[in-house]
$ cat my_file01.txt   # compact mmCIF, C-alpha atoms
# COMPACT_ATOMS: atom_id res chain seq x y z
CA MET R 659 90.60 83.65 114.75
CA LYS R 660 87.74 83.91 112.26
CA ILE R 661 86.55 86.52 109.75
CA SER R 662 82.87 86.15 109.16
CA GLU R 663 79.83 87.27 107.22
CA PRO R 664 76.18 86.22 107.59
CA ARG R 665 74.72 83.57 105.32
CA SER R 666 71.14 82.47 104.91
CA THR R 667 71.68 78.69 105.00
CA PRO R 668 72.76 76.70 108.05
CA ALA R 669 76.50 76.23 108.35
CA PRO R 670 78.04 72.79 108.86
CA ARG R 671 79.05 71.89 112.38
CA ARG R 672 82.51 73.11 113.23
CA ARG R 673 84.99 72.96 116.06
CA ILE R 674 85.19 76.38 117.70
CA SER R 675 88.42 77.65 119.20
CA TRP R 676 88.03 79.70 122.35
CA ARG R 677 90.92 81.98 121.43
CA PRO R 678 89.70 85.60 121.01
CA LEU R 679 88.25 85.85 117.54
CA LEU R 680 88.19 88.68 115.04
CA ILE R 681 84.67 88.73 113.66
CA LEU R 682 83.97 90.94 110.65
CA ILE R 683 80.41 92.15 110.08
CA PRO R 684 79.58 93.52 106.62
CA LEU R 685 78.48 97.14 106.33
CA ALA R 686 76.34 98.85 103.74
CA LEU R 687 79.25 100.61 102.05
CA SER R 688 78.59 104.18 101.01
CA SER R 689 80.53 105.73 98.17
CA CYS R 690 80.49 108.48 95.57
CA GLU R 691 79.20 106.06 92.93
CA PRO R 692 76.35 103.53 92.90
CA PRO R 693 77.22 99.84 93.14
CA ARG R 694 77.20 97.73 90.02
CA PRO R 695 74.19 95.47 89.44
CA ASN R 696 76.35 92.41 90.23
CA SER R 697 75.76 91.87 93.95
CA GLY R 698 79.28 90.46 94.30
CA VAL R 699 80.88 93.73 93.17
CA THR R 700 80.72 97.13 94.85
CA MET R 701 82.59 99.98 93.19
CA GLY R 702 83.07 103.59 94.20
CA GLU R 703 85.46 105.76 96.18
CA PHE R 704 85.69 104.58 99.75
CA ARG R 705 88.26 105.23 102.49
CA ASP R 706 91.91 106.07 102.06
CA VAL R 707 93.93 103.28 103.63
CA ALA R 708 95.58 104.68 106.73
CA ASP R 709 99.33 104.52 107.15
CA PHE R 710 100.57 101.22 108.50
CA SER R 711 103.78 99.30 109.02
CA PHE R 712 103.59 95.52 109.31
CA THR R 713 106.01 92.63 108.90
CA THR R 714 106.09 90.53 105.73
CA GLN R 715 106.65 86.81 105.30
CA GLU R 716 110.30 87.70 104.65
CA GLY R 717 110.63 89.38 108.04
CA GLU R 718 110.85 92.81 106.44
CA SER R 719 108.78 95.90 107.15
CA LEU R 720 106.16 97.06 104.65
CA SER R 721 104.32 100.38 104.94
CA ARG R 722 101.40 101.84 103.07
CA ASN R 723 103.67 104.45 101.48
CA GLU R 724 105.68 101.69 99.81
CA LEU R 725 102.51 100.72 97.95
CA LYS R 726 101.76 104.24 96.73
CA GLY R 727 101.71 104.43 92.96
CA LYS R 728 100.62 100.80 92.74
CA ILE R 729 97.24 99.17 92.40
CA TRP R 730 96.92 96.51 95.06
CA ILE R 731 94.43 93.85 95.98
CA ALA R 732 93.93 93.17 99.69
CA ASN R 733 92.35 90.29 101.52
CA PHE R 734 92.24 88.99 105.08
CA ILE R 735 93.33 85.46 105.91
CA PHE R 736 94.87 83.27 108.58
CA THR R 737 97.08 80.29 107.87
CA SER R 738 95.11 77.74 109.90
CA CYS R 739 91.98 78.43 107.86
CA ALA R 740 91.01 75.33 105.89
CA ALA R 741 88.13 76.71 103.85
CA GLU R 742 87.54 80.15 102.31
CA CYS R 743 91.12 81.36 102.81
CA LEU R 744 92.40 78.61 100.53
CA VAL R 745 90.01 79.62 97.78
CA LEU R 746 90.90 83.29 98.14
CA SER R 747 94.63 82.54 98.11
CA SER R 748 94.20 80.48 94.95
CA ARG R 749 92.47 83.45 93.31
CA LEU R 750 95.39 85.72 94.19
CA ALA R 751 97.84 83.12 92.92
CA GLU R 752 96.03 83.18 89.58
CA LEU R 753 96.02 86.96 89.50
CA GLN R 754 99.71 87.06 90.41
CA MET R 755 100.48 84.86 87.41
CA HIS R 756 98.32 86.97 85.13
CA TYR R 757 99.98 90.24 86.23
CA ARG R 758 103.51 88.90 86.63
CA ASP R 759 104.81 91.49 84.15
CA TYR R 760 102.97 94.44 85.76
CA GLU R 761 105.32 95.87 88.38
CA ASP R 762 102.70 98.40 89.46
CA VAL R 763 100.21 95.72 90.56
CA ALA R 764 100.66 94.15 94.01
CA PHE R 765 98.83 91.80 96.35
CA VAL R 766 98.52 92.10 100.12
CA SER R 767 97.18 89.41 102.45
CA PHE R 768 96.68 90.67 106.02
CA SER R 769 96.75 88.00 108.71
CA VAL R 770 93.93 88.45 111.20
CA ASP R 771 95.58 85.93 113.51
CA PRO R 772 98.88 87.73 114.08
CA GLN R 773 99.55 85.96 117.37
CA SER R 774 99.83 82.65 115.52
CA ASP R 775 100.87 83.83 112.06
CA THR R 776 104.53 84.65 112.55
CA PRO R 777 106.66 85.70 109.55
CA GLU R 778 108.03 82.14 109.44
CA ARG R 779 104.56 80.65 109.32
CA LEU R 780 103.46 83.13 106.68
CA HIS R 781 106.59 82.33 104.67
CA GLN R 782 105.64 78.67 104.66
CA TYR R 783 102.06 79.47 103.70
CA ALA R 784 103.19 81.83 100.91
CA GLY R 785 105.37 79.06 99.50
CA LYS R 786 102.30 76.91 98.90
CA TRP R 787 101.06 79.55 96.46
CA HIS R 788 104.44 80.31 94.87
CA ALA R 789 104.04 83.89 96.07
CA ASN R 790 106.64 86.32 94.74
CA PRO R 791 107.72 88.20 97.90
CA GLU R 792 108.36 91.32 95.81
CA ARG R 793 104.76 91.37 94.61
CA TRP R 794 102.62 89.41 97.06
CA HIS R 795 103.00 90.48 100.68
CA PHE R 796 101.67 88.45 103.61
CA LEU R 797 101.51 90.76 106.61
CA THR R 798 101.45 90.23 110.35
CA GLY R 799 101.92 92.63 113.24
CA ASP R 800 100.30 94.24 116.23
CA THR R 801 96.76 92.93 116.75
CA THR R 802 95.33 96.36 117.62
CA ALA R 803 96.91 97.94 114.57
CA ILE R 804 95.53 95.26 112.26
CA ASP R 805 92.06 95.61 113.79
CA ASP R 806 92.27 99.36 113.24
CA ILE R 807 93.07 98.91 109.55
CA VAL R 808 90.22 96.42 109.18
CA VAL R 809 87.67 98.69 110.86
CA ASN R 810 88.69 102.18 109.82
CA SER R 811 90.24 101.68 106.38
CA PHE R 812 88.44 98.67 104.95
CA LEU R 813 85.11 99.40 106.70
CA LEU R 814 84.72 95.95 108.23
CA PRO R 815 83.54 96.17 111.87
CA ALA R 816 85.40 93.71 114.08
CA THR R 817 85.15 92.22 117.54
CA ARG R 818 87.46 90.00 119.58
CA ASP R 819 85.06 89.75 122.49
CA PRO R 820 84.46 86.02 123.09
CA VAL R 821 80.81 86.55 124.06
CA GLU R 822 80.07 88.48 120.88
CA ALA R 823 82.07 85.98 118.87
CA GLY R 824 80.07 83.09 120.29
CA LYS R 825 76.81 84.84 119.45
CA LEU R 826 77.97 85.50 115.90
CA PHE R 827 78.91 81.85 115.46
CA SER R 828 75.50 80.82 116.70
CA GLU R 829 74.06 82.93 113.89
CA THR R 830 75.96 80.80 111.34
CA LEU R 831 78.53 83.25 110.06
CA ILE R 832 81.29 82.22 107.67
CA HIS R 833 84.57 83.77 106.59
CA SER R 834 84.53 87.03 104.68
CA SER R 835 85.27 86.40 101.05
CA ARG R 836 85.71 89.95 99.80
CA PHE R 837 88.77 91.37 98.12
CA ALA R 838 89.39 95.11 98.42
CA ILE R 839 90.99 96.80 95.43
CA VAL R 840 93.07 99.88 96.21
CA ASP R 841 94.11 102.47 93.63
CA ARG R 842 97.46 104.19 93.12
CA THR R 843 96.64 106.92 95.65
CA GLY R 844 95.83 104.43 98.42
CA LYS R 845 92.03 104.71 98.22
CA VAL R 846 89.77 101.65 98.32
CA ARG R 847 87.89 101.61 95.02
CA ALA R 848 86.10 98.27 94.89
CA TYR R 849 85.04 95.18 96.81
CA VAL R 850 84.68 91.86 95.00
CA ASP R 851 83.40 88.56 96.37
CA GLY R 852 86.28 86.18 95.69
CA MET R 853 84.43 82.88 95.97
CA PRO R 854 82.96 82.65 92.44
CA PRO R 855 85.52 81.48 89.84
CA GLU R 856 84.61 84.44 87.64
CA SER R 857 85.87 86.81 90.33
CA VAL R 858 89.37 86.60 88.83
CA GLN R 859 88.09 88.02 85.55
CA THR R 860 86.06 90.66 87.40
CA ILE R 861 89.08 91.80 89.41
CA SER R 862 91.20 91.83 86.26
CA GLN R 863 88.74 94.15 84.56
CA ILE R 864 88.82 96.54 87.52
CA ILE R 865 92.62 96.47 87.64
CA MET R 866 92.83 97.33 83.95
CA GLN R 867 90.40 100.23 84.45
CA LEU R 868 92.49 101.60 87.31
CA LEU R 869 95.72 101.19 85.34
CA GLN R 870 94.30 103.54 82.72
CA GLU R 871 93.70 106.30 85.26
CA PRO R 872 96.26 109.14 85.37
CA LEU R 873 99.15 108.69 87.74
CA PRO R 874 98.83 110.68 90.99
CA THR R 875 100.53 114.06 90.76
CA SER R 876 102.34 113.55 94.04
CA THR R 877 103.57 110.41 95.79
CA ASP R 878 103.73 112.33 99.08
CA GLN R 879 99.98 112.16 99.63
CA THR R 880 99.05 110.88 103.08
$ encode --input "my_file01.txt" --output "structure tokens"
Amino acid sequence: MKISEPRSTPAPRRRISWRPLLILIPLALSSCEPPRPNSGVTMGEFRDVADFSFTTQEGESLSRNELKGKIWIANFIFTSCAAECLVLSSRLAELQMHYRDYEDVAFVSFSVDPQSDTPERLHQYAGKWHANPERWHFLTGDTTAIDDIVVNSFLLPATRDPVEAGKLFSETLIHSSRFAIVDRTGKVRAYVDGMPPESVQTISQIIMQLLQEPLPTSTDQT
């Protein structure tokens, strides 16, 4: 399973699995605010994350409502990824250390290969990054439900059609490297390219801005 975005330079040769792939195609994100000049950062008010219930690396259920009142950083990974996912996970590991004393900051890594990424496999992967299971959640679950969250909440169009996937690979796509930052009310407020080392500082600045916003008046918002 691959998450991909277009790039202008040819990609190195790779071995392609014929398992149905989840391909993510970037959209021009529209929001209530203009994007920042930095092309790796897009800020505004995007979609509210829809309700979900997935299984964590601890075999426990986690829903969107359990994240209400917290600022959380989401990304999309799969444990057999040997490239971008490792970089992105290292960024979250650094952020987890930086915000270890902030109980209202959380991290959520959605597996886009839920058929392979069982809770046990995610648990093993999380251990490589010393993930605190109370703060950093690796989620797996129903494939259709995950695709729905990707498409309709995080605005990343997806396909698992093998013909479309093959065409996208022929156009030299690579894994998506964007983090989505979600505010206390459950609304996506920013996207940050996680590949540059300075992305950790950029995300930290956005987190601190969101922490200064007033708490939501009701935790019952859906």
$ atom_distance --input "my_file01.txt" --atom1 "atom CA of Phe712 of chain R" --atom2 "atom CA of Thr802 of chain R"
11.7 Å
$ atom_distance --input "my_file01.txt" --atom1 "atom CA of Ser721 of chain R" --atom2 "atom CA of Gly698 of chain R"
29.0 Å
$ closest_residue --input "my_file01.txt" --among "R:Gly844, R:Pro777, R:Pro855, R:Pro874" --to "Ile731 of chain R" --atoms "all atoms listed in the file"
R:Gly844
$ atom_distance --input "my_file01.txt" --atom1 "atom CA of Thr713 of chain R" --atom2 "atom CA of Thr860 of chain R"
29.4 Å
$ closest_residue --input "my_file01.txt" --among "R:Ser835, R:Asn810, R:Gln754, R:Ser774" --to "Glu742 of chain R" --atoms "only C-alpha atoms"
R:Ser835
$ residues_around --input "my_file01.txt" --residues "Ile729 of chain R" --least-positions-apart "6" --cutoff "7 Å" --atoms "all atoms listed in the file" --output "list in words"
Asp762, Val763, Ala764, Val840, Asp841 and Arg842 of chain R
$ residues_around --input "my_file01.txt" --residues "segment 779-791 of chain R" --least-positions-apart "5" --cutoff "8 Å" --atoms "only C-alpha atoms" --output "PDB file with C-alpha atoms, keeping the file's coordinate frame"
ATOM      1  CA  THR R 714     106.090  90.530 105.730  1.00  0.00           C
ATOM      2  CA  GLN R 715     106.650  86.810 105.300  1.00  0.00           C
ATOM      3  CA  GLU R 716     110.300  87.700 104.650  1.00  0.00           C
ATOM      4  CA  THR R 737      97.080  80.290 107.870  1.00  0.00           C
ATOM      5  CA  SER R 747      94.630  82.540  98.110  1.00  0.00           C
ATOM      6  CA  SER R 748      94.200  80.480  94.950  1.00  0.00           C
ATOM      7  CA  ALA R 751      97.840  83.120  92.920  1.00  0.00           C
ATOM      8  CA  GLN R 754      99.710  87.060  90.410  1.00  0.00           C
ATOM      9  CA  PHE R 796     101.670  88.450 103.610  1.00  0.00           C
ATOM     10  CA  LEU R 797     101.510  90.760 106.610  1.00  0.00           C
TER      11      LEU R 797
END
$ closest_residue --input "my_file01.txt" --among "R:Thr801, R:Ser719, R:Thr843, R:Thr700" --to "Asp771 of chain R" --atoms "all atoms listed in the file"
R:Thr801
$ closest_residue --input "my_file01.txt" --among "R:Val770, R:Ala741, R:Leu753, R:Ile865" --to "Asp800 of chain R" --atoms "all atoms listed in the file"
R:Val770
$ residues_around --input "my_file01.txt" --residues "Ala732 of chain R" --least-positions-apart "3" --cutoff "12 Å" --atoms "only C-alpha atoms" --output "number ranges by chain"
R: 707, 722, 725, 729, 735, 746-747, 749-750, 763-769, 794-797, 807-808, 811-812, 835-841, 844-852, 861
$ write_last_selection --input "my_file01.txt" --atoms "C-alpha atoms" --output "short mmCIF file (atom, residue, chain, number, x, y, z; two decimals), keeping the file's coordinate frame"
data_model
loop_
_atom_site.label_atom_id
_atom_site.label_comp_id
_atom_site.auth_asym_id
_atom_site.auth_seq_id
_atom_site.Cartn_x
_atom_site.Cartn_y
_atom_site.Cartn_z
CA VAL R 707 93.93 103.28 103.63
CA ARG R 722 101.40 101.84 103.07
CA LEU R 725 102.51 100.72 97.95
CA ILE R 729 97.24 99.17 92.40
CA ILE R 735 93.33 85.46 105.91
CA LEU R 746 90.90 83.29 98.14
CA SER R 747 94.63 82.54 98.11
CA ARG R 749 92.47 83.45 93.31
CA LEU R 750 95.39 85.72 94.19
CA VAL R 763 100.21 95.72 90.56
CA ALA R 764 100.66 94.15 94.01
CA PHE R 765 98.83 91.80 96.35
CA VAL R 766 98.52 92.10 100.12
CA SER R 767 97.18 89.41 102.45
CA PHE R 768 96.68 90.67 106.02
CA SER R 769 96.75 88.00 108.71
CA TRP R 794 102.62 89.41 97.06
CA HIS R 795 103.00 90.48 100.68
CA PHE R 796 101.67 88.45 103.61
CA LEU R 797 101.51 90.76 106.61
CA ILE R 807 93.07 98.91 109.55
CA VAL R 808 90.22 96.42 109.18
CA SER R 811 90.24 101.68 106.38
CA PHE R 812 88.44 98.67 104.95
CA SER R 835 85.27 86.40 101.05
CA ARG R 836 85.71 89.95 99.80
CA PHE R 837 88.77 91.37 98.12
CA ALA R 838 89.39 95.11 98.42
CA ILE R 839 90.99 96.80 95.43
CA VAL R 840 93.07 99.88 96.21
CA ASP R 841 94.11 102.47 93.63
CA GLY R 844 95.83 104.43 98.42
CA LYS R 845 92.03 104.71 98.22
CA VAL R 846 89.77 101.65 98.32
CA ARG R 847 87.89 101.61 95.02
CA ALA R 848 86.10 98.27 94.89
CA TYR R 849 85.04 95.18 96.81
CA VAL R 850 84.68 91.86 95.00
CA ASP R 851 83.40 88.56 96.37
CA GLY R 852 86.28 86.18 95.69
CA ILE R 861 89.08 91.80 89.41
#
